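Asks: Sharing a structure below in structure tokens format, with a few things to ask.
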Amino acid sequence: MKLPALTAVSAALMSIGLAGCGPTEPAAPAAPAADANAVTSTLSTSPEIVAADIAARIKELADDKYEGRGPGDPEGEKAADWLAAEMKRIGLAPGNPDGTYFQVVKMVAQTADPKTSSLKIAGAGGKAWDLKMGPDAVFITRDQTNKTVSFTDSDLVFVGYGVVAPEANWNDYAGIDVKGKTVVMFVNDPGFVTNDDSLFNGKAMTYYGRWTYKFEEAARQGATAALIIHEDRPAAYGWGVVEGSWTGEQADLVRNDGGASRAKLEGWIQLSHATELFKAAGLDIDKVRAAANKRGFKPVPMTGLKASATINQTIDFKESRNVIGTVKGSETPDEHVLLMAHWDHLGKGVSDDPNADVINNGAVDNATGTAAILEIGEKVAAGPQPKRSVTVLAVTLEESGLLGSAYFGENPLMPLKNIVGGINIDAMQPTGMAKDLLVIGAGASQLEDALKAVLAESDRTIRPDPSPENGYFYRSDHISLAKKGVPMLYADSGIDLVNGGVAAGEAAAKDYTDNAYHKPADEYDDNWDMSGIEADTKVANEVVTRLANSADWPNWYEGNEFRALRDAQRAE
């Protein structure tokens, strides 16, 4: 879980060049026998969706024996083994055409040495900035071949928001060749600062506002380095989140070109340092920001400034696995309704205290969602058989940047055009029954129409994402398929609790974020109120079941940035 022109979007995907699952790849192992000490049956004898069953699976996945479900770690990967065994036990068929429950995900862990790596900016008159990794800037390389990556005297160019969106008549790289240069840009979209609905999606972030897109576009433009200026409100998180996320080990998928197509350096810079750099180049950061918020903006050379950098890194190749099972449809088995959740978490941390709890169990994030999709899978497998196939996909490496789902999107185990739609479940809160259900990125797809109808039957409502400007819709695994055109729904626990209302819901969410999110404190508790999780799992099951027994093909709403991709996909 992440708190903190389709032409261009499609091109972003085409350029990634991730390693694929070819016919010569070794077959993944079959589902192992379940651990004799693990939960191999839930607490009820019925396949009905009940809180006790979901809780049993959450408790299992959040057990210390999996050491925080770190992908690629020996103990963490045993959680994937258990998931496969559980899928087999509840009646799901192997979801990989090779006859297994696994899709091997080749990954690489890269760690830049902060003591010997450097990013320096030279200015006129001998003035220079030595930006220290962590407090001043963060920077990595996607080069998976060379342990040392460096460049010197790269001219700095301000490229606004770093966006190329033909359908919006927007090109921040217009009229300039940035090959060999270091591009500097703001985070988020032009519409965020201006709150202008005529710019992209107004205050609500689009995919163009995400740092992932900005680095992809910089690479396509041939930049040597790309720096994003950090600001708390447009980024939706403080510098501490950036520093914590972008230092230490960084996971990525193995790339066919070894990362050669990416910029040599990708990073963030503190606003205060960026302001100094603009001033040294004879520019006012507020004035260039205002210019960048208007259609027709042209890149601005940061005259006299040159960047040089060295990144010394370790490179460690590993493997993790997506786990996939399916219930075959009776009439159109090649059409799939998808249930998705990520099984991984952060693994073990470090502490100077030998008695400290360093296992990040990830009970809420995301043993809850993984347990829920298993529970739905068990219900569907018990019959009656759906007309379409229902496929359960537990992905890895979400906490490393949605990499497991990205791998599946690049190497799907069924044609993407045959995925009718999907639901992603990420971090359900054990806060009891709610009158609403939060939809992240509300107003995106027609799947919301089906959800609204199901909720209405129990006098519940959709609560739209209260902070669309933060781009949470782009921060969980469903986006890996959405970017491919597949309609996806990302629903979260409700806020308006039956006991305590909105105030209680917001307080509970804040307590989790402050005290347990991405910490060892995210542990299962037998005293959890599972009633809300049970109710929300039943809602997801009903949406999936109805879609699996219909001939409907939901689409993105008109005007959504992924609509054209889906239209072209279905036209095939």
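Residues in the structure tokens are numbered from 1 in each chain, the chains being A, B, ... in the order shown, and ligands are numbered from 1 in the order shown.
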For A:Trp556, find every residue with an atom within 8 Å (counting only C-alpha atoms), except residues of its own chain fewer than 6 positions away, and show them as a list in words.

Replies: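 With the cut-off at 8 Å, the set is Ala444, Ser445, Gln446, Pro487, Phe562, Arg563 and Arg566 of chain A.
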
Asks: If you run DSSP over the backbone, which residues in stretch 326-494 of chain A end up strand (DSSP E)? Put them as a ChimeraX atom specification.

Replies: /A:326-327,332-342,347-348,359-360,388-395,419-424,436-439,461-464,488-492

Asks: Can you list, as a list in words, every protein, DNA or RNA residue that comes within 10 Å of A:Pro554 when you count only C-alpha atoms, leaving out same-chain residues fewer than 2 positions away?

Replies: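 With the cut-off at 10 Å, the set is Val420, Gly421, Ser445, Gln446, Leu447, Glu448, Asp449, Ala450, Val486, Pro487, Met488, Leu547, Ala551, Asp552, Trp556, Tyr557 and Arg566 of chain A.
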
Asks: Keeping only N, CA, C and O atoms, take the residues you just selected and write them out as a PDB file, in the first residue's frame.

Replies:
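Result went into selection-v3.pdb, see below:
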```pdb
ATOM      1  N   VAL A 420     -11.943  -8.881 -18.341  1.00  0.00           N
ATOM      2  CA  VAL A 420     -13.161  -8.062 -18.372  1.00  0.00           C
ATOM      3  C   VAL A 420     -13.012  -6.843 -17.471  1.00  0.00           C
ATOM      4  O   VAL A 420     -13.448  -5.740 -17.805  1.00  0.00           O
ATOM      5  N   GLY A 421     -12.402  -7.026 -16.336  1.00  0.00           N
ATOM      6  CA  GLY A 421     -12.193  -5.968 -15.357  1.00  0.00           C
ATOM      7  C   GLY A 421     -11.675  -6.596 -14.087  1.00  0.00           C
ATOM      8  O   GLY A 421     -11.629  -7.832 -13.957  1.00  0.00           O
ATOM      9  N   SER A 445     -14.143   4.405 -13.803  1.00  0.00           N
ATOM     10  CA  SER A 445     -14.644   3.356 -14.695  1.00  0.00           C
ATOM     11  C   SER A 445     -16.058   2.932 -14.359  1.00  0.00           C
ATOM     12  O   SER A 445     -16.572   3.191 -13.260  1.00  0.00           O
ATOM     13  N   GLN A 446     -16.678   2.220 -15.303  1.00  0.00           N
ATOM     14  CA  GLN A 446     -18.046   1.740 -15.149  1.00  0.00           C
ATOM     15  C   GLN A 446     -18.162   0.619 -14.124  1.00  0.00           C
ATOM     16  O   GLN A 446     -19.282   0.238 -13.756  1.00  0.00           O
ATOM     17  N   LEU A 447     -17.048   0.102 -13.636  1.00  0.00           N
ATOM     18  CA  LEU A 447     -17.099  -0.851 -12.537  1.00  0.00           C
ATOM     19  C   LEU A 447     -17.740  -0.218 -11.306  1.00  0.00           C
ATOM     20  O   LEU A 447     -18.336  -0.911 -10.473  1.00  0.00           O
ATOM     21  N   GLU A 448     -17.619   1.093 -11.193  1.00  0.00           N
ATOM     22  CA  GLU A 448     -18.236   1.796 -10.069  1.00  0.00           C
ATOM     23  C   GLU A 448     -19.759   1.715 -10.117  1.00  0.00           C
ATOM     24  O   GLU A 448     -20.420   1.745  -9.067  1.00  0.00           O
ATOM     25  N   ASP A 449     -20.330   1.607 -11.315  1.00  0.00           N
ATOM     26  CA  ASP A 449     -21.784   1.469 -11.428  1.00  0.00           C
ATOM     27  C   ASP A 449     -22.241   0.168 -10.788  1.00  0.00           C
ATOM     28  O   ASP A 449     -23.247   0.124 -10.065  1.00  0.00           O
ATOM     29  N   ALA A 450     -21.490  -0.908 -11.049  1.00  0.00           N
ATOM     30  CA  ALA A 450     -21.821  -2.203 -10.449  1.00  0.00           C
ATOM     31  C   ALA A 450     -21.647  -2.152  -8.934  1.00  0.00           C
ATOM     32  O   ALA A 450     -22.473  -2.689  -8.178  1.00  0.00           O
ATOM     33  N   VAL A 486      -6.966  -2.082 -19.019  1.00  0.00           N
ATOM     34  CA  VAL A 486      -7.932  -2.932 -18.325  1.00  0.00           C
ATOM     35  C   VAL A 486      -8.652  -2.135 -17.239  1.00  0.00           C
ATOM     36  O   VAL A 486      -8.005  -1.577 -16.348  1.00  0.00           O
ATOM     37  N   PRO A 487      -9.990  -2.080 -17.258  1.00  0.00           N
ATOM     38  CA  PRO A 487     -10.723  -1.360 -16.199  1.00  0.00           C
ATOM     39  C   PRO A 487     -10.488  -2.015 -14.839  1.00  0.00           C
ATOM     40  O   PRO A 487     -10.643  -3.227 -14.683  1.00  0.00           O
ATOM     41  N   MET A 488     -10.105  -1.207 -13.864  1.00  0.00           N
ATOM     42  CA  MET A 488      -9.810  -1.710 -12.532  1.00  0.00           C
ATOM     43  C   MET A 488     -10.485  -0.828 -11.490  1.00  0.00           C
ATOM     44  O   MET A 488     -10.593   0.386 -11.654  1.00  0.00           O
ATOM     45  N   LEU A 547     -20.449  -9.808 -12.438  1.00  0.00           N
ATOM     46  CA  LEU A 547     -19.719  -9.562 -13.675  1.00  0.00           C
ATOM     47  C   LEU A 547     -19.345 -10.878 -14.356  1.00  0.00           C
ATOM     48  O   LEU A 547     -19.379 -10.986 -15.586  1.00  0.00           O
ATOM     49  N   ALA A 551     -22.686 -10.660 -19.623  1.00  0.00           N
ATOM     50  CA  ALA A 551     -21.966 -10.467 -20.887  1.00  0.00           C
ATOM     51  C   ALA A 551     -21.445  -9.042 -20.996  1.00  0.00           C
ATOM     52  O   ALA A 551     -20.994  -8.608 -22.055  1.00  0.00           O
ATOM     53  N   ASP A 552     -21.477  -8.302 -19.886  1.00  0.00           N
ATOM     54  CA  ASP A 552     -21.069  -6.895 -19.892  1.00  0.00           C
ATOM     55  C   ASP A 552     -19.551  -6.761 -20.026  1.00  0.00           C
ATOM     56  O   ASP A 552     -18.789  -7.582 -19.505  1.00  0.00           O
ATOM     57  N   TRP A 556     -13.701   2.297 -19.141  1.00  0.00           N
ATOM     58  CA  TRP A 556     -13.419   3.552 -18.457  1.00  0.00           C
ATOM     59  C   TRP A 556     -14.467   4.572 -18.890  1.00  0.00           C
ATOM     60  O   TRP A 556     -14.956   4.521 -20.017  1.00  0.00           O
ATOM     61  N   TYR A 557     -14.765   5.504 -18.003  1.00  0.00           N
ATOM     62  CA  TYR A 557     -15.696   6.562 -18.378  1.00  0.00           C
ATOM     63  C   TYR A 557     -15.084   7.434 -19.476  1.00  0.00           C
ATOM     64  O   TYR A 557     -13.854   7.538 -19.595  1.00  0.00           O
ATOM     65  N   ARG A 566      -8.277   1.155 -23.882  1.00  0.00           N
ATOM     66  CA  ARG A 566      -9.227   0.051 -23.804  1.00  0.00           C
ATOM     67  C   ARG A 566     -10.037  -0.078 -25.094  1.00  0.00           C
ATOM     68  O   ARG A 566     -10.290  -1.194 -25.569  1.00  0.00           O
TER      69      ARG A 566
END
```

Asks: Give me, as JSON lines, each residue of stretch 147-204 of chain A that comes within 8 Å of stretch 460-472 of chain A, together with its shortest interatomic pair and the distance in Å at one decimal, counting only C-alpha atoms, with rows ordered by chain and rising residue number.

Replies:
```
{"residue": "A:Phe192", "atom": "CA", "partner": "A:Glu469", "partner_atom": "CA", "distance": 6.8}
{"residue": "A:Lys203", "atom": "CA", "partner": "A:Glu469", "partner_atom": "CA", "distance": 5.3}
{"residue": "A:Ala204", "atom": "CA", "partner": "A:Glu469", "partner_atom": "CA", "distance": 4.0}
```

Asks: Let's have the selection written as an mmCIF file, in the first residue's frame, with N, CA and C atoms.

Replies:
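Contents of again_0.cif, freshly written:
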```cif
data_model
loop_
_atom_site.group_PDB
_atom_site.id
_atom_site.type_symbol
_atom_site.label_atom_id
_atom_site.label_comp_id
_atom_site.auth_asym_id
_atom_site.auth_seq_id
_atom_site.Cartn_x
_atom_site.Cartn_y
_atom_site.Cartn_z
ATOM 1 N N PHE A 192 -2.787 21.233 -10.526
ATOM 2 C CA PHE A 192 -2.811 21.206 -9.068
ATOM 3 C C PHE A 192 -2.610 22.597 -8.478
ATOM 4 N N LYS A 203 -7.413 19.747 -10.154
ATOM 5 C CA LYS A 203 -6.642 19.491 -8.945
ATOM 6 C C LYS A 203 -6.325 18.013 -8.763
ATOM 7 N N ALA A 204 -7.120 17.150 -9.373
ATOM 8 C CA ALA A 204 -6.896 15.706 -9.242
ATOM 9 C C ALA A 204 -5.710 15.278 -10.097
#
```

Asks: Just how far from atom CA of A:Asp189 is atom CA of A:Tyr161, in Å to one decimal?

Replies: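 Atom-to-atom, atom CA of A:Tyr161 to atom CA of A:Asp189, that is 6.7 Å.
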
Asks: Out of stretch 33-212 of chain A, which residues get helix (DSSP H, G or I) from DSSP, as a PyMOL selection string?

Replies: chain A and resi 51-61+64-66+74-89+124-126+166-168+190-194+207-209+211-212

Asks: For stretch 116-127 of chain A, find every residue with an atom within 6 Å (counting only C-alpha atoms), except residues of its own chain fewer than 4 positions away, and show them as JSON, numbers by chain.

Replies: {"A": [131, 304, 305, 306, 307, 308, 309, 310, 311, 312]}

Asks: Could you save the residues just selected, with all heavy atoms, as a PDB file, in the first residue's frame?

Replies:
```pdb
ATOM      1  N   LEU A 131      25.493  18.138  -3.211  1.00  0.00           N
ATOM      2  CA  LEU A 131      24.217  17.710  -2.654  1.00  0.00           C
ATOM      3  C   LEU A 131      24.363  16.337  -2.001  1.00  0.00           C
ATOM      4  O   LEU A 131      24.566  15.328  -2.684  1.00  0.00           O
ATOM      5  CB  LEU A 131      23.157  17.676  -3.753  1.00  0.00           C
ATOM      6  CG  LEU A 131      22.925  19.039  -4.447  1.00  0.00           C
ATOM      7  CD1 LEU A 131      21.992  18.876  -5.636  1.00  0.00           C
ATOM      8  CD2 LEU A 131      22.368  20.053  -3.458  1.00  0.00           C
ATOM      9  N   GLY A 304      24.568  28.330 -17.121  1.00  0.00           N
ATOM     10  CA  GLY A 304      25.747  28.336 -16.263  1.00  0.00           C
ATOM     11  C   GLY A 304      25.828  27.193 -15.281  1.00  0.00           C
ATOM     12  O   GLY A 304      26.838  27.045 -14.589  1.00  0.00           O
ATOM     13  N   LEU A 305      24.782  26.374 -15.191  1.00  0.00           N
ATOM     14  CA  LEU A 305      24.781  25.272 -14.229  1.00  0.00           C
ATOM     15  C   LEU A 305      25.054  23.949 -14.925  1.00  0.00           C
ATOM     16  O   LEU A 305      24.454  23.646 -15.962  1.00  0.00           O
ATOM     17  CB  LEU A 305      23.439  25.199 -13.505  1.00  0.00           C
ATOM     18  CG  LEU A 305      23.034  26.414 -12.680  1.00  0.00           C
ATOM     19  CD1 LEU A 305      21.707  26.154 -11.976  1.00  0.00           C
ATOM     20  CD2 LEU A 305      24.112  26.773 -11.652  1.00  0.00           C
ATOM     21  N   LYS A 306      25.960  23.182 -14.349  1.00  0.00           N
ATOM     22  CA  LYS A 306      26.319  21.878 -14.897  1.00  0.00           C
ATOM     23  C   LYS A 306      26.346  20.849 -13.770  1.00  0.00           C
ATOM     24  O   LYS A 306      26.863  21.117 -12.684  1.00  0.00           O
ATOM     25  CB  LYS A 306      27.676  21.930 -15.590  1.00  0.00           C
ATOM     26  CG  LYS A 306      27.694  22.802 -16.845  1.00  0.00           C
ATOM     27  CD  LYS A 306      29.057  22.780 -17.494  1.00  0.00           C
ATOM     28  CE  LYS A 306      29.103  23.664 -18.742  1.00  0.00           C
ATOM     29  NZ  LYS A 306      28.282  23.082 -19.839  1.00  0.00           N
ATOM     30  N   ALA A 307      25.790  19.675 -14.047  1.00  0.00           N
ATOM     31  CA  ALA A 307      25.738  18.598 -13.058  1.00  0.00           C
ATOM     32  C   ALA A 307      26.789  17.542 -13.349  1.00  0.00           C
ATOM     33  O   ALA A 307      27.053  17.209 -14.510  1.00  0.00           O
ATOM     34  CB  ALA A 307      24.357  17.956 -13.054  1.00  0.00           C
ATOM     35  N   SER A 308      27.368  17.022 -12.290  1.00  0.00           N
ATOM     36  CA  SER A 308      28.274  15.867 -12.375  1.00  0.00           C
ATOM     37  C   SER A 308      27.886  14.909 -11.255  1.00  0.00           C
ATOM     38  O   SER A 308      27.512  15.336 -10.160  1.00  0.00           O
ATOM     39  CB  SER A 308      29.730  16.293 -12.217  1.00  0.00           C
ATOM     40  OG  SER A 308      30.103  17.188 -13.239  1.00  0.00           O
ATOM     41  N   ALA A 309      27.967  13.628 -11.528  1.00  0.00           N
ATOM     42  CA  ALA A 309      27.545  12.656 -10.519  1.00  0.00           C
ATOM     43  C   ALA A 309      28.326  11.361 -10.651  1.00  0.00           C
ATOM     44  O   ALA A 309      28.794  11.005 -11.737  1.00  0.00           O
ATOM     45  CB  ALA A 309      26.053  12.372 -10.639  1.00  0.00           C
ATOM     46  N   THR A 310      28.430  10.679  -9.528  1.00  0.00           N
ATOM     47  CA  THR A 310      28.968   9.321  -9.478  1.00  0.00           C
ATOM     48  C   THR A 310      28.085   8.504  -8.551  1.00  0.00           C
ATOM     49  O   THR A 310      27.784   8.945  -7.433  1.00  0.00           O
ATOM     50  CB  THR A 310      30.410   9.291  -8.950  1.00  0.00           C
ATOM     51  OG1 THR A 310      31.260  10.006  -9.858  1.00  0.00           O
ATOM     52  CG2 THR A 310      30.912   7.862  -8.819  1.00  0.00           C
ATOM     53  N   ILE A 311      27.657   7.363  -9.022  1.00  0.00           N
ATOM     54  CA  ILE A 311      26.881   6.448  -8.185  1.00  0.00           C
ATOM     55  C   ILE A 311      27.619   5.124  -8.117  1.00  0.00           C
ATOM     56  O   ILE A 311      27.838   4.467  -9.146  1.00  0.00           O
ATOM     57  CB  ILE A 311      25.457   6.230  -8.747  1.00  0.00           C
ATOM     58  CG1 ILE A 311      24.688   7.559  -8.796  1.00  0.00           C
ATOM     59  CG2 ILE A 311      24.702   5.203  -7.904  1.00  0.00           C
ATOM     60  CD1 ILE A 311      23.321   7.446  -9.441  1.00  0.00           C
ATOM     61  N   ASN A 312      28.040   4.761  -6.925  1.00  0.00           N
ATOM     62  CA  ASN A 312      28.655   3.459  -6.682  1.00  0.00           C
ATOM     63  C   ASN A 312      27.607   2.574  -6.025  1.00  0.00           C
ATOM     64  O   ASN A 312      27.034   2.934  -4.989  1.00  0.00           O
ATOM     65  CB  ASN A 312      29.879   3.602  -5.768  1.00  0.00           C
ATOM     66  CG  ASN A 312      31.008   4.342  -6.460  1.00  0.00           C
ATOM     67  OD1 ASN A 312      31.397   4.001  -7.579  1.00  0.00           O
ATOM     68  ND2 ASN A 312      31.542   5.378  -5.810  1.00  0.00           N
TER      69      ASN A 312
END
```

Asks: With a cut-off of 10 Å, could you pull out the residues of stretch 97-170 of chain A touching stretch 386-398 of chain A and give me the nearest pair of atoms for each, distance in Å to one decimal, using only C-alpha atoms, ordered by chain and ascending number, as a Markdown table?

Replies:
```
| residue | atom | partner | partner_atom | distance |
| --- | --- | --- | --- | --- |
| A:Tyr101 | CA | A:Leu393 | CA | 9.5 |
| A:Phe102 | CA | A:Ala394 | CA | 9.7 |
| A:Gln103 | CA | A:Val395 | CA | 9.2 |
| A:Val104 | CA | A:Thr396 | CA | 9.8 |
| A:Val105 | CA | A:Thr396 | CA | 8.2 |
| A:Met107 | CA | A:Leu397 | CA | 9.0 |
```

Asks: Can you write out the residues you just picked, keeping all heavy atoms, as a compact mmCIF listing (two decimals), in the first residue's frame?

Replies:
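The resulting file, again-v5.txt, is shown below:
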```
# COMPACT_ATOMS: atom_id res chain seq x y z
N TYR A 101 1.02 -22.66 -10.07
CA TYR A 101 0.38 -21.50 -9.45
C TYR A 101 1.31 -20.29 -9.40
O TYR A 101 0.97 -19.27 -8.79
CB TYR A 101 -0.05 -21.85 -8.02
CG TYR A 101 -1.20 -22.83 -7.94
CD1 TYR A 101 -0.96 -24.19 -7.90
CD2 TYR A 101 -2.52 -22.39 -7.89
CE1 TYR A 101 -2.00 -25.10 -7.81
CE2 TYR A 101 -3.57 -23.29 -7.81
CZ TYR A 101 -3.31 -24.65 -7.78
OH TYR A 101 -4.36 -25.55 -7.69
N PHE A 102 2.47 -20.39 -10.03
CA PHE A 102 3.47 -19.35 -9.89
C PHE A 102 3.83 -18.68 -11.22
O PHE A 102 3.87 -19.34 -12.26
CB PHE A 102 4.76 -19.92 -9.30
CG PHE A 102 4.62 -20.47 -7.91
CD1 PHE A 102 4.82 -21.82 -7.65
CD2 PHE A 102 4.29 -19.63 -6.86
CE1 PHE A 102 4.69 -22.32 -6.38
CE2 PHE A 102 4.16 -20.12 -5.58
CZ PHE A 102 4.36 -21.47 -5.32
N GLN A 103 4.09 -17.40 -11.14
CA GLN A 103 4.74 -16.67 -12.22
C GLN A 103 6.03 -16.10 -11.63
O GLN A 103 6.00 -15.22 -10.76
CB GLN A 103 3.87 -15.53 -12.75
CG GLN A 103 4.53 -14.74 -13.88
CD GLN A 103 3.71 -13.55 -14.35
OE1 GLN A 103 3.10 -12.85 -13.55
NE2 GLN A 103 3.69 -13.33 -15.65
N VAL A 104 7.15 -16.61 -12.08
CA VAL A 104 8.44 -16.16 -11.55
C VAL A 104 8.70 -14.73 -11.99
O VAL A 104 8.53 -14.37 -13.16
CB VAL A 104 9.58 -17.08 -12.03
CG1 VAL A 104 10.93 -16.54 -11.59
CG2 VAL A 104 9.37 -18.50 -11.50
N VAL A 105 9.07 -13.89 -11.03
CA VAL A 105 9.37 -12.48 -11.28
C VAL A 105 10.85 -12.26 -11.02
O VAL A 105 11.32 -12.35 -9.88
CB VAL A 105 8.52 -11.56 -10.38
CG1 VAL A 105 8.85 -10.09 -10.65
CG2 VAL A 105 7.03 -11.82 -10.60
N MET A 107 13.98 -10.15 -10.41
CA MET A 107 14.17 -8.84 -9.80
C MET A 107 15.64 -8.58 -9.55
O MET A 107 16.47 -9.49 -9.59
CB MET A 107 13.40 -8.75 -8.48
CG MET A 107 13.82 -9.80 -7.45
SD MET A 107 12.94 -9.70 -5.87
CE MET A 107 13.75 -8.27 -5.13
```

Asks: What's around A:Ala52 at 12 Å? Count only C-alpha atoms, leave out sequence neighbours fewer than 3 positions away in its own chain, and write the answer as a ChimeraX atom specification.

Replies: /A:41-49,55-59,371-372,375,526-531,533-534

Asks: So what do you get for atom CA of A:Met185 versus atom CA of A:Leu227, distance-wise?

Replies: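 So the two atoms, atom CA of A:Met185 and atom CA of A:Leu227, lie 6.4 Å apart.
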
Asks: Please, what distance in Å, to one decimal, runs between atom CA of A:Ala137 and atom CA of A:Ala291?

Replies: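 So the answer is 24.8 Å.
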
Asks: Near A:Ile228, within 12 Å and counting only C-alpha atoms, which residues show up once chain neighbours fewer than 5 positions away are dropped, as a PyMOL selection string?

Replies: chain A and resi 137-139+157-162+182-188+209-215+218+234-235+242+265-271+273-274

Asks: Applying 7 Å and only C-alpha atoms, which residues near stretch 413-418 of chain A remain after dropping the ones on its own chain fewer than 6 positions away? List them as a PyMOL selection string.

Replies: chain A and resi 96+334-336+486+569-570
